[in-house]
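J.: Once you've had a glance at the structure underneath, I'll fire off some questions.
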Amino acid sequence: MSRKLVAYFSATGVTAKVAENLAEAIGADVFEIEPAVAYTTPDLDWRNKQSRSSIEMSDAASRPAISVKRDNMDEYDTVFVGFPIWWYVAPTIINTFLESYDLTGKTIIPFATSGGSSMGITNEKLLPSCQDAKLLEGKVFKAASTKAELAAWEESLKLSDM
């Protein structure tokens, strides 16, 4: 049986709720990707081109520091990675997280929260950070997604066939 991890970054708590429900629904461990410097409300103001999030997202090489690494990543075969959609992609802190580990042979499955955006070009931007791993197409969930819905999505991925 493969071990699963749900790792997530949540700026406002919405993604955290979905990630915790997903982990419980599929029997996975959970890990919060925390920035070394927490985001403030002004940092998250996407309308302000000088806000921290706007500056990070306009620089493809941006890699915001994370506060702590998962010390047993080698024990997981499948890693679900959750985040809010920012500018139609994952926040660059997700790239920081993925690039912090040897992902050889792992399956990486992104999931996101958004009020109305799709996954956009998320996988295109995450692929370089998933060296030697299998990156699956992700899915966007609403904050009110149920455990049953999340479990059905995981089942639809047919992870046992990989």
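Residue numbering restarts at 1 for every chain of the structure tokens, chains are lettered A, B, ... in their displayed order, and ligands are numbered from 1 as they appear.
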Find the residues around A:Glu20 up to 12 Å (only C-alpha atoms counted), leave out those fewer than 5 positions away in its own chain, and share them as a list in words.

T.: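 Here the answer would be Leu5, Val6, Ala7, Tyr8, Phe9, Ser10, Gly13, Val14, Thr15, Ala25, Ile26, Gly27, Ala28, Asp29, Val30, Phe31, Glu32, Phe80, Val81, Gly82, Ala143, Ser145, Thr146, Lys147 and Leu150 of chain A.
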
J.: If we count only C-alpha atoms and set the cut-off at 7 Å, which residues sit around A:Thr78, ignoring sequence neighbours fewer than 6 positions away in its own chain? Please answer as a compact mmCIF listing (two decimals) with all heavy atoms, in the first residue's frame.

T.:
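Resulting contents of around_39.txt:
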# COMPACT_ATOMS: atom_id res chain seq x y z
N ARG A 3 2.01 5.09 0.60
CA ARG A 3 1.75 6.13 1.59
C ARG A 3 1.49 7.43 0.88
O ARG A 3 2.18 7.78 -0.08
CB ARG A 3 2.95 6.26 2.52
CG ARG A 3 3.07 5.04 3.40
CD ARG A 3 3.70 5.25 4.73
NE ARG A 3 3.31 6.46 5.42
CZ ARG A 3 4.07 7.03 6.36
NH1 ARG A 3 5.22 6.52 6.69
NH2 ARG A 3 3.67 8.12 6.97
N LYS A 4 0.49 8.14 1.37
CA LYS A 4 0.08 9.40 0.75
C LYS A 4 0.27 10.56 1.71
O LYS A 4 0.05 10.43 2.91
CB LYS A 4 -1.39 9.32 0.33
CG LYS A 4 -1.65 8.26 -0.73
CD LYS A 4 -3.12 8.16 -1.05
CE LYS A 4 -3.72 7.06 -0.20
NZ LYS A 4 -5.06 6.67 -0.59
N LEU A 5 0.65 11.69 1.14
CA LEU A 5 0.80 12.92 1.88
C LEU A 5 -0.02 14.00 1.20
O LEU A 5 0.01 14.12 -0.04
CB LEU A 5 2.27 13.35 1.93
CG LEU A 5 2.56 14.70 2.60
CD1 LEU A 5 2.29 14.63 4.10
CD2 LEU A 5 4.00 15.12 2.33
N LYS A 106 8.06 9.53 -7.42
CA LYS A 106 6.82 9.90 -6.74
C LYS A 106 5.77 10.38 -7.74
O LYS A 106 6.09 10.84 -8.83
CB LYS A 106 7.08 11.00 -5.70
CG LYS A 106 8.01 10.55 -4.59
CD LYS A 106 8.14 11.60 -3.52
CE LYS A 106 9.16 11.23 -2.47
NZ LYS A 106 9.04 9.93 -1.89
N THR A 107 4.51 10.29 -7.33
CA THR A 107 3.40 10.85 -8.10
C THR A 107 2.97 12.13 -7.39
O THR A 107 2.66 12.11 -6.19
CB THR A 107 2.23 9.86 -8.18
OG1 THR A 107 2.68 8.67 -8.84
CG2 THR A 107 1.07 10.45 -8.94
N ILE A 108 2.97 13.23 -8.11
CA ILE A 108 2.59 14.53 -7.58
C ILE A 108 1.23 14.91 -8.18
O ILE A 108 1.06 14.89 -9.41
CB ILE A 108 3.63 15.62 -7.93
CG1 ILE A 108 5.06 15.17 -7.56
CG2 ILE A 108 3.25 16.96 -7.31
CD1 ILE A 108 5.29 14.90 -6.10

J.: If DSSP is run on the backbone, what residues of stretch 17-120 of chain A are helix (DSSP H, G or I)? A reply as a PyMOL selection string would be ideal.

T.: chain A and resi 17-26+42-44+52-57+73-75+92-99

J.: Convert the current residue selection to file output with C-alpha atoms, as a compact mmCIF listing (two decimals), in the first residue's frame.

T.:
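Result written to result_4.txt:
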# COMPACT_ATOMS: atom_id res chain seq x y z
CA LYS A 17 -9.88 23.27 5.08
CA VAL A 18 -9.97 21.43 1.74
CA ALA A 19 -6.55 19.84 2.40
CA GLU A 20 -7.54 18.60 5.84
CA ASN A 21 -10.79 17.16 4.47
CA LEU A 22 -8.90 15.47 1.61
CA ALA A 23 -6.34 13.95 3.98
CA GLU A 24 -9.08 12.59 6.23
CA ALA A 25 -11.13 11.31 3.29
CA ILE A 26 -8.24 9.37 1.71
CA PRO A 42 -1.44 43.85 2.21
CA ASP A 43 1.00 41.19 0.89
CA LEU A 44 -1.94 39.37 -0.70
CA ARG A 52 4.56 40.89 -2.08
CA SER A 53 2.39 38.34 -3.90
CA SER A 54 2.32 40.45 -7.08
CA ILE A 55 6.09 40.84 -7.06
CA GLU A 56 6.65 37.11 -6.44
CA MET A 57 4.20 36.04 -9.12
CA MET A 73 9.38 12.78 2.46
CA ASP A 74 11.13 9.63 1.26
CA GLU A 75 8.37 7.57 2.92
CA THR A 92 5.79 30.16 -6.34
CA ILE A 93 6.16 28.86 -2.77
CA ILE A 94 4.84 25.57 -4.19
CA ASN A 95 7.87 25.43 -6.48
CA THR A 96 10.06 26.06 -3.42
CA PHE A 97 8.41 23.12 -1.65
CA LEU A 98 8.72 20.73 -4.60
CA GLU A 99 12.34 21.70 -5.30

J.: To one decimal in Å, tell me the separation between atom CA of A:Trp87 and atom CA of A:Ser114.

T.: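 Here the two named atoms are 10.7 Å from each other.
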
J.: So which bits of stretch 89-148 of chain A end up strand (DSSP E) when you DSSP the backbone, as an MDAnalysis selection string?

T.: chainID A and resid 107:113 134:135 139:141
